[in-house]
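Heads up, the thing below is written out as structure tokens.
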There are 2 protein chains.
Amino acid sequence: MNFLETIATKRDGRKNTNGQLDALARGAADGSIPDYQLSAWLMAAYLNGLDPQETADLTLAMAESGERLDLTGLPKPWVDKHSTGGVGDKTTLVVLPILAACGLTMVKMSGRGLGITGGTIDKLESVPGFRTDLTPEEMVAQAKRIGIALSGQTPRLAPADKALYALRDVTGTVASIPLITASILSKKIAGGADTVLLDVKSGSGAFMKTLPEAEALARSLVDTGKLCGLKVSAVITDMNQPLGMAVGNALEVQEALASLRPPLSLPPSPKGAGRGGFSRFLELCLDLAGHALEVVGKGDRSTAEEAIASGKALAKAREWFAAQGGDLDSFMSNPPQSPIVRSVMYQGSPGFLNRIDANIVGEVVIKLGGGRAVKTDPIDPSVGVIVSQGVGNRIEKGQPLFEVHARDESSFGFATEKLLSSVEVSPEPTQAIDPILKIVH
Amino acid sequence: MNFLETIATKRDGRKNTNGQLDALARGAADGSIPDYQLSAWLMAAYLNGLDPQETADLTLAMAESGERLDLTGLPKPWVDKHSTGGVGDKTTLVVLPILAACGLTMVKMSGRGLGITGGTIDKLESVPGFRTDLTPEEMVAQAKRIGIALSGQTPRLAPADKALYALRDVTGTVASIPLITASILSKKIAGGADTVLLDVKSGSGAFMKTLPEAEALARSLVDTGKLCGLKVSAVITDMNQPLGMAVGNALEVQEALASLRPPLSLPPSPKGAGRGGFSRFLELCLDLAGHALEVVGKGDRSTAEEAIASGKALAKAREWFAAQGGDLDSFMSNPPQSPIVRSVMYQGSPGFLNRIDANIVGEVVIKLGGGRAVKTDPIDPSVGVIVSQGVGNRIEKGQPLFEVHARDESSFGFATEKLLSSVEVSPEPTQAIDPILKIVH
């Protein structure tokens, strides 16, 4: 198989065969195709696209480029949940224990944060002792024992994705829907899932800034997943405002654990505007979990609510953290703490808080030290921002807008100025935006 | 300067700045930009193109990526001649001595053959002792002494071209007119030329198969050359039939030297159909040289004819070969010789020989061992094909069509079969095709 032919085919806008894509994935995984040839193909694929069949062929080829978790014997369905990433997005930490508590087998590989979108692995590593480097054998064994396992990416599963993703990152070929699709789904398939719940974020704090872009990605994920033999459903959720109150690693883990703590108490309807970020986040987690339960025929949103109200979801989270070495009690009683914790007050005329720009809040958290501008940046788990008000709230001068957790005065000062620029206050309240924008089957 | 930005600009169909292209050429030359990033840019440039200004900026940046020959003090004009390559194309070996004999300073870097197109360096290396590895200093000194110097590419001149060409070759990004243009002209500028004569081949035995393709390349070369401050003229010449009689390295050198030998004797007009390949080749050389002399205001075709008729051109060739260590007398009296030299006879009904497919003849010479399928193939200087008949000739059964110079019976047999498939004989004579199809200023 001559890889130059594979490049030329895609360069000329023709279709790559299953055989070509299989050789590509194997060559990327074992290093036998040089990076400069892979990157030429990646740019050709970025510019000329892959059709649904090519995307599915590439996905399966990447999934088969390494080992594959075998969940045989574990209770079905074998569910993976994936979010495309956003600001304050800690849904995995809530939805996984809920679904595991409802009897689903949850096995998942997660990534680290880059840019404004945080990463589940970074968040979990703010818990002392939490191991994010489970081997494939440990993942299966743990899922068998307690129904839930989560690890960082291992090079043993879908190694082609690791190689291709690293190249896309340095060759300007990240933002390709077929390549994103293959990257996401190949890891799910290698991780043993038969059912995938996708949370595609849309808005200023997400990779997909507009609803049509998010819909295109969701459509590609669902169609490709089906061609690959997966049961898959995608939910497009709003990421114009930060999700929940907390943005920052340890702060987000605390908010997630608070969401799981019984009794379940949500303010009365309507959802959306005027509701605090905390309850908006919890609503979204319950909707996502309920949707997943419906897709696999194991219940609905009330089943998810009951898992929290009964304390089973929190117990599952405790079991999960303990299984991976995380000391939850020590974390809860003595979480990582920044030297400066100080509120930022609203100083303008009274009105309705109609916008909190998620992108700006995300950038502030990077500057505080809680995210990465480049991959090698270290993470400070303690820093971050608490969004004290929900979008739609009435606000007056002197009321707290944010609580900043900072390492020093200079980063606090920078954060304050930027955060104040992230809010818009108007005389009239805005239209409520439901956290779930659309469901794509 | 972040090269990712340069890639993204071209990927998105926007224009790269002079600064970006300058950094690209320097990074390619010194290896500081990794190959996988260069190849992503190359594919984006292949698919989205470069406009004339970008092409000129890239050309100059590549020319300035290494040393530059300084011809100060040598008689002007400083002329380089370039052919895009064809089957049996030994015009450089004739045109250079003619023009040097007419007082022009001829300094040139040439390449090796790849695929069906031969390379001047391979041809010259069939002459015992001929050095094709002159240093830049040796090239300038020799040109000062005798007005002519030719060497293989040195990594000291236009090193960015060497790096980018090697990558294009393995990433499917060779066939881009702006990239071809920058590659050709950057070497001319680094080689010190102020005037460039371009011979763009068009037809089955050339890289550009059709006249519109050849015109597009010629137009790009002329326009870019002008933007770079060169005096440049392009002649589009026919490459549907092999050029001249000889195809094969030593055979072509012999034909070139025969063309230079006085007295100048050409059959009467018209040119084209019915004329033997030898005179068709000589006509082309005289046309090209005459055109070059007109462009620089130093004469015309009759000046070129006089250079041959007077013996000055052959004397210049002799001086040139001697200066680079080539033993012309020994080569002429005892040229490399294949074990099998045998004619291939015409076996069909009488008619007019209306086509000899240059592409097939080129492929036969590769198979005989006279060309390269891949870069590392060794070359046998002795093998090749003599085309015994001119297109348009009347032919009958039993007349010789070709003379094959082969290493063994099996390659002779293969060559015979393929060569017979390259000819078309019809009851009516074909329209004559002038060797010069078009001149682009």
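Residue numbers start at 1 in each chain; chains themselves are named A, B, ... in the order of the structure tokens; ligands are numbered from 1 in the order shown.
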Task: Residue neighbourhood stretch 226-236 of chain B, 10 Å, only C-alpha atoms, exclusion window fewer than 6 positions, as a PyMOL selection string - done: chain B and resi 52-53+55-57+59-60+77+79-84+185-186+188-189+193-202+211+214-215+217-220+287-288+291-292+295-296+435-441
Task: stretch 65-67 of chain B surroundings by only C-alpha atoms, 9 Å radius, close-in-sequence under 6 positions cut, as JSON, numbers by chain - done: {"B": [22, 25, 26, 27, 28, 29, 30, 136, 155, 156, 157, 158, 159, 160, 161, 190, 191]}
TODO: Excluding B:Arg342 and residues on its chain fewer than 2 positions from it, collect all residues at most 7 Å away from it, counting only C-alpha atoms, and give them as a count of residues only.
DONE: 5
Return the neighbours of chain B among the residues of chain A, cut-off 7 Å, counting only C-alpha atoms, as a tab-separated table (two decimals) with all heavy atoms, in the first residue's frame.
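The resulting result-v8.tsv:
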```tsv
chain	number	residue	atom	x	y	z
A	4	LEU	N	1.32	7.58	-0.60
A	4	LEU	CA	1.25	8.73	-1.50
A	4	LEU	C	-0.05	8.71	-2.31
A	4	LEU	O	-0.66	9.75	-2.58
A	4	LEU	CB	2.47	8.68	-2.44
A	4	LEU	CG	3.02	9.98	-3.00
A	4	LEU	CD1	3.12	11.08	-1.97
A	4	LEU	CD2	4.41	9.72	-3.60
A	7	ILE	N	-2.84	9.97	-0.12
A	7	ILE	CA	-2.80	11.44	-0.06
A	7	ILE	C	-3.38	12.03	-1.34
A	7	ILE	O	-4.23	12.93	-1.31
A	7	ILE	CB	-1.35	11.96	0.11
A	7	ILE	CG1	-0.73	11.48	1.43
A	7	ILE	CG2	-1.32	13.49	0.04
A	7	ILE	CD1	0.75	11.83	1.57
A	8	ALA	N	-2.92	11.51	-2.49
A	8	ALA	CA	-3.35	12.07	-3.78
A	8	ALA	C	-4.86	11.92	-3.97
A	8	ALA	O	-5.53	12.81	-4.49
A	8	ALA	CB	-2.60	11.41	-4.92
A	35	ASP	N	5.33	11.40	9.82
A	35	ASP	CA	4.45	12.51	10.20
A	35	ASP	C	4.17	13.46	9.04
A	35	ASP	O	3.06	13.96	8.89
A	35	ASP	CB	5.08	13.31	11.34
A	35	ASP	CG	4.96	12.61	12.67
A	35	ASP	OD1	4.24	11.59	12.74
A	35	ASP	OD2	5.57	13.08	13.64
A	36	TYR	N	5.21	13.72	8.21
A	36	TYR	CA	5.00	14.71	7.16
A	36	TYR	C	4.00	14.22	6.12
A	36	TYR	O	3.33	15.02	5.48
A	36	TYR	CB	6.33	15.13	6.50
A	36	TYR	CG	7.21	14.01	6.00
A	36	TYR	CD1	6.96	13.37	4.80
A	36	TYR	CD2	8.30	13.58	6.75
A	36	TYR	CE1	7.76	12.34	4.35
A	36	TYR	CE2	9.12	12.55	6.31
A	36	TYR	CZ	8.85	11.93	5.11
A	36	TYR	OH	9.64	10.91	4.67
A	37	GLN	N	3.90	12.91	5.95
A	37	GLN	CA	2.89	12.39	5.02
A	37	GLN	C	1.51	12.41	5.68
A	37	GLN	O	0.52	12.77	5.04
A	37	GLN	CB	3.24	10.97	4.58
A	37	GLN	CG	4.45	10.95	3.63
A	37	GLN	CD	4.61	9.63	2.91
A	37	GLN	OE1	4.44	8.58	3.50
A	37	GLN	NE2	4.97	9.69	1.63
A	39	SER	N	0.49	14.50	7.88
A	39	SER	CA	-0.02	15.87	7.98
A	39	SER	C	-0.48	16.39	6.62
A	39	SER	O	-1.41	17.19	6.56
A	39	SER	CB	0.99	16.79	8.65
A	39	SER	OG	2.13	16.95	7.86
A	40	ALA	N	0.16	15.94	5.54
A	40	ALA	CA	-0.33	16.33	4.21
A	40	ALA	C	-1.73	15.75	3.99
A	40	ALA	O	-2.63	16.43	3.49
A	40	ALA	CB	0.63	15.84	3.13
A	43	MET	N	-4.31	17.74	6.11
A	43	MET	CA	-4.71	19.02	5.51
A	43	MET	C	-5.64	18.78	4.31
A	43	MET	O	-6.62	19.51	4.13
A	43	MET	CB	-3.48	19.82	5.10
A	43	MET	CG	-3.80	21.20	4.53
A	43	MET	SD	-4.77	22.28	5.64
A	43	MET	CE	-3.46	22.87	6.74
A	44	ALA	N	-5.34	17.76	3.50
A	44	ALA	CA	-6.21	17.45	2.37
A	44	ALA	C	-7.60	17.04	2.88
A	44	ALA	O	-8.63	17.44	2.32
A	44	ALA	CB	-5.60	16.34	1.51
A	170	VAL	N	-0.69	20.60	15.83
A	170	VAL	CA	0.44	21.44	15.41
A	170	VAL	C	0.43	21.71	13.90
A	170	VAL	O	1.39	22.26	13.36
A	170	VAL	CB	1.79	20.81	15.81
A	170	VAL	CG1	1.95	20.83	17.32
A	170	VAL	CG2	1.94	19.40	15.27
A	171	THR	N	-0.65	21.32	13.22
A	171	THR	CA	-0.70	21.55	11.77
A	171	THR	C	-1.98	22.28	11.35
A	171	THR	O	-2.29	22.31	10.16
A	171	THR	CB	-0.62	20.22	10.99
A	171	THR	OG1	-1.67	19.35	11.43
A	171	THR	CG2	0.72	19.54	11.19
A	172	GLY	N	-2.70	22.85	12.30
A	172	GLY	CA	-3.89	23.63	11.94
A	172	GLY	C	-5.01	22.79	11.40
A	172	GLY	O	-5.83	23.27	10.62
```
TODO: Would you list the contacts of B:Ser421 as a list in words, taking every protein, DNA or RNA residue within 12 Å and counting only C-alpha atoms, but skipping same-chain residues closer than 2 positions in sequence?
DONE: Val344, Tyr346, Gln347, Gly348, Arg355, Ile356, Asp357, Ala358, Asn359, Ile360, Val361, Val364, Leu401, Phe414, Ala415, Thr416, Glu417, Lys418, Leu419, Val423, Glu424 and Val425 of chain B
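Interatomic distance, atom CA of B:Ser422 to atom CA of B:Leu353: 10.7 Å.
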Task: B:Arg131 environment, 8 Å, only C-alpha atoms, sequence neighbours closer than 5 positions dropped, as a PyMOL selection string - done: chain B and resi 125+151+324-326
Okay, now the selection with all heavy atoms, as a PDB file, in the first residue's frame?
```pdb
ATOM      1  N   GLU B 125      27.140  13.052 -16.971  1.00  0.00           N
ATOM      2  CA  GLU B 125      27.949  12.067 -16.247  1.00  0.00           C
ATOM      3  C   GLU B 125      28.261  10.832 -17.088  1.00  0.00           C
ATOM      4  O   GLU B 125      29.060   9.986 -16.678  1.00  0.00           O
ATOM      5  CB  GLU B 125      27.272  11.689 -14.919  1.00  0.00           C
ATOM      6  CG  GLU B 125      27.412  12.815 -13.901  1.00  0.00           C
ATOM      7  CD  GLU B 125      26.824  12.486 -12.537  1.00  0.00           C
ATOM      8  OE1 GLU B 125      26.138  11.454 -12.404  1.00  0.00           O
ATOM      9  OE2 GLU B 125      27.067  13.282 -11.603  1.00  0.00           O
ATOM     10  N   SER B 151      26.468  22.974 -13.077  1.00  0.00           N
ATOM     11  CA  SER B 151      26.721  22.053 -11.969  1.00  0.00           C
ATOM     12  C   SER B 151      25.411  21.461 -11.494  1.00  0.00           C
ATOM     13  O   SER B 151      24.329  21.984 -11.783  1.00  0.00           O
ATOM     14  CB  SER B 151      27.415  22.802 -10.823  1.00  0.00           C
ATOM     15  OG  SER B 151      27.673  21.917  -9.758  1.00  0.00           O
ATOM     16  N   GLN B 324      35.473  21.179 -16.939  1.00  0.00           N
ATOM     17  CA  GLN B 324      34.858  20.391 -15.872  1.00  0.00           C
ATOM     18  C   GLN B 324      35.394  18.956 -15.851  1.00  0.00           C
ATOM     19  O   GLN B 324      34.796  18.091 -15.217  1.00  0.00           O
ATOM     20  CB  GLN B 324      33.327  20.451 -15.989  1.00  0.00           C
ATOM     21  CG  GLN B 324      32.834  21.891 -15.806  1.00  0.00           C
ATOM     22  CD  GLN B 324      31.349  22.071 -15.577  1.00  0.00           C
ATOM     23  OE1 GLN B 324      30.814  23.113 -15.921  1.00  0.00           O
ATOM     24  NE2 GLN B 324      30.674  21.099 -14.956  1.00  0.00           N
ATOM     25  N   GLY B 325      36.523  18.724 -16.535  1.00  0.00           N
ATOM     26  CA  GLY B 325      37.197  17.430 -16.417  1.00  0.00           C
ATOM     27  C   GLY B 325      36.707  16.359 -17.370  1.00  0.00           C
ATOM     28  O   GLY B 325      37.135  15.199 -17.283  1.00  0.00           O
ATOM     29  N   GLY B 326      35.808  16.699 -18.285  1.00  0.00           N
ATOM     30  CA  GLY B 326      35.246  15.699 -19.178  1.00  0.00           C
ATOM     31  C   GLY B 326      36.158  15.422 -20.371  1.00  0.00           C
ATOM     32  O   GLY B 326      36.642  16.346 -21.007  1.00  0.00           O
TER      33      GLY B 326
END
```
Can you list, as a tab-separated table (two decimals) with N, CA, C and O atoms, in the first residue's frame, every residue of stretch 7-255 of chain B that DSSP puts in strand (DSSP E or B)?
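For reference, result.tsv as written:
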```tsv
chain	number	residue	atom	x	y	z
B	67	GLU	N	23.33	30.88	0.11
B	67	GLU	CA	24.24	31.79	-0.59
B	67	GLU	C	23.66	32.17	-1.94
B	67	GLU	O	22.72	31.56	-2.42
B	78	TRP	N	23.61	37.82	-17.73
B	78	TRP	CA	23.89	36.57	-17.02
B	78	TRP	C	22.66	35.69	-17.22
B	78	TRP	O	21.63	35.91	-16.60
B	79	VAL	N	22.81	34.70	-18.05
B	79	VAL	CA	21.63	33.97	-18.54
B	79	VAL	C	21.57	32.56	-17.96
B	79	VAL	O	22.58	31.86	-17.89
B	80	ASP	N	20.37	32.17	-17.55
B	80	ASP	CA	20.12	30.77	-17.21
B	80	ASP	C	19.02	30.29	-18.14
B	80	ASP	O	18.16	31.06	-18.56
B	81	LYS	N	19.10	29.03	-18.49
B	81	LYS	CA	18.11	28.44	-19.39
B	81	LYS	C	17.52	27.26	-18.65
B	81	LYS	O	18.25	26.50	-18.01
B	82	HIS	N	16.23	27.11	-18.70
B	82	HIS	CA	15.59	26.02	-17.95
B	82	HIS	C	14.55	25.33	-18.80
B	82	HIS	O	13.73	25.98	-19.45
B	83	SER	N	14.57	24.01	-18.80
B	83	SER	CA	13.51	23.24	-19.44
B	83	SER	C	12.73	22.50	-18.37
B	83	SER	O	13.30	22.04	-17.38
B	105	THR	N	26.99	35.20	-20.67
B	105	THR	CA	27.52	34.44	-19.55
B	105	THR	C	26.47	33.41	-19.13
B	105	THR	O	25.37	33.79	-18.70
B	106	MET	N	26.78	32.15	-19.26
B	106	MET	CA	25.82	31.07	-18.98
B	106	MET	C	26.23	30.33	-17.71
B	106	MET	O	27.23	29.61	-17.69
B	107	VAL	N	25.47	30.51	-16.64
B	107	VAL	CA	25.74	29.82	-15.38
B	107	VAL	C	24.47	29.08	-14.99
B	107	VAL	O	23.40	29.69	-14.91
B	108	LYS	N	24.56	27.80	-14.74
B	108	LYS	CA	23.34	27.01	-14.58
B	108	LYS	C	23.51	25.87	-13.60
B	108	LYS	O	24.55	25.20	-13.59
B	109	MET	N	22.49	25.67	-12.80
B	109	MET	CA	22.40	24.44	-12.00
B	109	MET	C	21.37	23.54	-12.67
B	109	MET	O	20.29	24.00	-13.04
B	110	SER	N	21.71	22.26	-12.82
B	110	SER	CA	20.78	21.31	-13.43
B	110	SER	C	20.45	20.19	-12.45
B	110	SER	O	21.14	19.99	-11.45
B	114	LEU	N	14.08	12.06	-13.31
B	114	LEU	CA	13.18	11.23	-12.51
B	114	LEU	C	11.97	10.94	-13.38
B	114	LEU	O	11.43	11.83	-14.02
B	115	GLY	N	11.56	9.67	-13.40
B	115	GLY	CA	10.47	9.29	-14.28
B	115	GLY	C	10.92	9.39	-15.73
B	115	GLY	O	12.10	9.20	-16.04
B	117	THR	N	11.25	11.93	-17.65
B	117	THR	CA	12.07	13.07	-18.07
B	117	THR	C	13.50	12.86	-17.62
B	117	THR	O	13.77	12.61	-16.45
B	148	ILE	N	30.97	29.94	-19.29
B	148	ILE	CA	29.97	28.88	-19.16
B	148	ILE	C	30.33	27.97	-17.98
B	148	ILE	O	31.50	27.63	-17.79
B	149	ALA	N	29.33	27.64	-17.19
B	149	ALA	CA	29.53	26.69	-16.08
B	149	ALA	C	28.18	26.03	-15.79
B	149	ALA	O	27.13	26.70	-15.84
B	150	LEU	N	28.22	24.73	-15.51
B	150	LEU	CA	26.99	24.01	-15.19
B	150	LEU	C	27.31	23.00	-14.09
B	150	LEU	O	28.31	22.28	-14.16
B	151	SER	N	26.47	22.97	-13.08
B	151	SER	CA	26.72	22.05	-11.97
B	151	SER	C	25.41	21.46	-11.49
B	151	SER	O	24.33	21.98	-11.78
B	152	GLY	N	25.52	20.38	-10.78
B	152	GLY	CA	24.36	19.84	-10.08
B	152	GLY	C	24.01	20.78	-8.95
B	152	GLY	O	24.77	21.69	-8.62
B	157	LEU	N	23.19	26.75	-2.28
B	157	LEU	CA	22.31	27.70	-2.98
B	157	LEU	C	20.86	27.26	-2.82
B	157	LEU	O	20.54	26.09	-3.03
B	195	THR	N	18.72	37.07	-16.42
B	195	THR	CA	17.86	36.75	-17.55
B	195	THR	C	17.60	35.25	-17.54
B	195	THR	O	18.53	34.46	-17.36
B	196	VAL	N	16.34	34.87	-17.74
B	196	VAL	CA	16.00	33.45	-17.72
B	196	VAL	C	15.21	33.09	-18.97
B	196	VAL	O	14.22	33.74	-19.29
B	197	LEU	N	15.70	32.07	-19.67
B	197	LEU	CA	15.00	31.54	-20.84
B	197	LEU	C	14.34	30.23	-20.43
B	197	LEU	O	15.02	29.29	-20.01
B	198	LEU	N	13.03	30.17	-20.56
B	198	LEU	CA	12.30	29.00	-20.08
B	198	LEU	C	11.74	28.21	-21.24
B	198	LEU	O	11.08	28.78	-22.12
B	199	ASP	N	11.98	26.93	-21.22
B	199	ASP	CA	11.45	26.03	-22.24
B	199	ASP	C	10.42	25.15	-21.55
B	199	ASP	O	10.76	24.20	-20.84
B	200	VAL	N	9.15	25.49	-21.71
B	200	VAL	CA	8.07	24.75	-21.05
B	200	VAL	C	7.54	23.71	-22.03
B	200	VAL	O	6.99	24.04	-23.07
B	201	LYS	N	7.75	22.46	-21.69
B	201	LYS	CA	7.36	21.35	-22.56
B	201	LYS	C	5.88	21.03	-22.38
B	201	LYS	O	5.35	21.06	-21.26
B	202	SER	N	5.23	20.68	-23.48
B	202	SER	CA	3.80	20.36	-23.45
B	202	SER	C	3.55	19.11	-24.29
B	202	SER	O	3.97	19.03	-25.44
B	208	MET	N	3.52	18.71	-18.18
B	208	MET	CA	2.27	19.36	-18.57
B	208	MET	C	1.77	18.69	-19.85
B	208	MET	O	2.40	18.81	-20.90
B	231	LYS	N	14.64	39.45	-16.16
B	231	LYS	CA	14.20	39.48	-17.54
B	231	LYS	C	13.90	38.02	-17.89
B	231	LYS	O	14.77	37.15	-17.76
B	232	VAL	N	12.66	37.74	-18.30
B	232	VAL	CA	12.31	36.34	-18.45
B	232	VAL	C	11.39	36.15	-19.66
B	232	VAL	O	10.54	37.00	-19.94
B	233	SER	N	11.61	35.08	-20.38
B	233	SER	CA	10.78	34.77	-21.53
B	233	SER	C	10.58	33.26	-21.58
B	233	SER	O	11.50	32.49	-21.29
B	234	ALA	N	9.37	32.83	-21.91
B	234	ALA	CA	9.07	31.39	-21.93
B	234	ALA	C	8.62	30.96	-23.31
B	234	ALA	O	7.83	31.64	-23.97
B	235	VAL	N	9.16	29.84	-23.75
B	235	VAL	CA	8.80	29.25	-25.03
B	235	VAL	C	8.13	27.92	-24.72
B	235	VAL	O	8.69	27.09	-24.00
B	236	ILE	N	6.92	27.72	-25.24
B	236	ILE	CA	6.24	26.44	-25.02
B	236	ILE	C	6.56	25.55	-26.22
B	236	ILE	O	6.31	25.94	-27.37
B	237	THR	N	7.12	24.39	-25.97
B	237	THR	CA	7.55	23.53	-27.07
B	237	THR	C	6.87	22.16	-26.99
B	237	THR	O	6.51	21.69	-25.91
B	238	ASP	N	6.74	21.56	-28.17
B	238	ASP	CA	5.99	20.30	-28.30
B	238	ASP	C	6.76	19.11	-27.72
B	238	ASP	O	7.92	18.90	-28.06
B	246	ALA	N	17.72	10.67	-30.32
B	246	ALA	CA	18.27	9.87	-29.23
B	246	ALA	C	17.51	10.07	-27.93
B	246	ALA	O	17.17	11.20	-27.57
B	247	VAL	N	17.21	8.96	-27.24
B	247	VAL	CA	16.68	9.00	-25.88
B	247	VAL	C	17.51	8.02	-25.06
B	247	VAL	O	17.51	6.81	-25.33
```
Long-range neighbours of A:Ile366 as an mmCIF file with N, CA, C and O atoms, in the first residue's frame, 9 Å cut-off, only C-alpha atoms, 2 positions minimum in chain:
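Result file selection-v4.cif:
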```
data_model
loop_
_atom_site.group_PDB
_atom_site.id
_atom_site.type_symbol
_atom_site.label_atom_id
_atom_site.label_comp_id
_atom_site.auth_asym_id
_atom_site.auth_seq_id
_atom_site.Cartn_x
_atom_site.Cartn_y
_atom_site.Cartn_z
ATOM 1 N N GLY A 115 -6.793 25.290 26.461
ATOM 2 C CA GLY A 115 -7.531 26.512 26.156
ATOM 3 C C GLY A 115 -8.616 26.708 27.195
ATOM 4 O O GLY A 115 -8.482 26.282 28.350
ATOM 5 N N ILE A 116 -9.737 27.316 26.782
ATOM 6 C CA ILE A 116 -10.768 27.659 27.766
ATOM 7 C C ILE A 116 -11.554 26.447 28.248
ATOM 8 O O ILE A 116 -12.243 26.515 29.252
ATOM 9 N N GLY A 248 -12.950 26.186 37.459
ATOM 10 C CA GLY A 248 -11.674 25.957 38.144
ATOM 11 C C GLY A 248 -11.718 24.562 38.715
ATOM 12 O O GLY A 248 -12.781 24.077 39.107
ATOM 13 N N VAL A 361 -14.765 34.268 30.868
ATOM 14 C CA VAL A 361 -14.546 33.592 32.156
ATOM 15 C C VAL A 361 -13.509 32.479 31.989
ATOM 16 O O VAL A 361 -12.603 32.316 32.819
ATOM 17 N N GLY A 362 -13.603 31.749 30.887
ATOM 18 C CA GLY A 362 -12.628 30.686 30.621
ATOM 19 C C GLY A 362 -11.213 31.231 30.513
ATOM 20 O O GLY A 362 -10.261 30.669 31.071
ATOM 21 N N GLU A 363 -11.065 32.349 29.821
ATOM 22 C CA GLU A 363 -9.740 32.953 29.673
ATOM 23 C C GLU A 363 -9.197 33.444 31.001
ATOM 24 O O GLU A 363 -7.989 33.345 31.264
ATOM 25 N N VAL A 364 -10.087 33.978 31.838
ATOM 26 C CA VAL A 364 -9.653 34.440 33.158
ATOM 27 C C VAL A 364 -9.090 33.269 33.963
ATOM 28 O O VAL A 364 -8.044 33.381 34.611
ATOM 29 N N LEU A 368 -5.473 32.833 35.683
ATOM 30 C CA LEU A 368 -5.326 32.593 37.124
ATOM 31 C C LEU A 368 -4.425 31.388 37.385
ATOM 32 O O LEU A 368 -3.938 31.203 38.498
ATOM 33 N N GLY A 369 -4.232 30.552 36.378
ATOM 34 C CA GLY A 369 -3.376 29.373 36.549
ATOM 35 C C GLY A 369 -4.153 28.075 36.585
ATOM 36 O O GLY A 369 -3.598 27.012 36.855
ATOM 37 N N GLY A 370 -5.462 28.134 36.291
ATOM 38 C CA GLY A 370 -6.299 26.937 36.378
ATOM 39 C C GLY A 370 -6.509 26.240 35.047
ATOM 40 O O GLY A 370 -7.196 25.220 34.975
ATOM 41 N N GLY A 371 -5.910 26.765 33.972
ATOM 42 C CA GLY A 371 -6.034 26.132 32.661
ATOM 43 C C GLY A 371 -4.722 26.240 31.925
ATOM 44 O O GLY A 371 -3.741 26.758 32.458
ATOM 45 N N ARG A 372 -4.710 25.727 30.715
ATOM 46 C CA ARG A 372 -3.467 25.696 29.944
ATOM 47 C C ARG A 372 -3.602 26.522 28.669
ATOM 48 O O ARG A 372 -4.522 26.317 27.902
ATOM 49 N N ALA A 373 -2.622 27.409 28.447
ATOM 50 C CA ALA A 373 -2.515 28.067 27.144
ATOM 51 C C ALA A 373 -1.777 27.121 26.206
ATOM 52 O O ALA A 373 -2.138 26.970 25.049
ATOM 53 N N ILE A 379 -0.928 23.120 36.126
ATOM 54 C CA ILE A 379 -2.272 23.519 36.565
ATOM 55 C C ILE A 379 -2.244 23.759 38.076
ATOM 56 O O ILE A 379 -1.680 22.960 38.815
ATOM 57 N N GLY A 384 -9.664 29.753 40.537
ATOM 58 C CA GLY A 384 -10.867 29.713 39.713
ATOM 59 C C GLY A 384 -11.807 30.854 40.026
ATOM 60 O O GLY A 384 -11.452 31.800 40.730
#
```
Open item on the list: Which residues are near B:Leu74? Cut-off 9 Å, only C-alpha atoms, ignore same chain within fewer than 6 positions. Put them as a VMD selection string.
Closed with: chain B and resid 105 140 143 to 144 147
Task: Residue among B:Glu213, B:Arg261, B:Phe130, B:Asp408 lying closest to B:Ser310, counting only C-alpha atoms - done: B:Arg261
Task: Interatomic distance (Å, one decimal) between atom CA of A:Pro263 and atom CA of A:Leu93 - done: 18.0 Å
Open item on the list: Using only C-alpha atoms, can you tell me which of A:Pro400, A:Pro336, A:Gly119, A:Gly19 comes closest to A:Ile386?
Closed with: A:Pro400
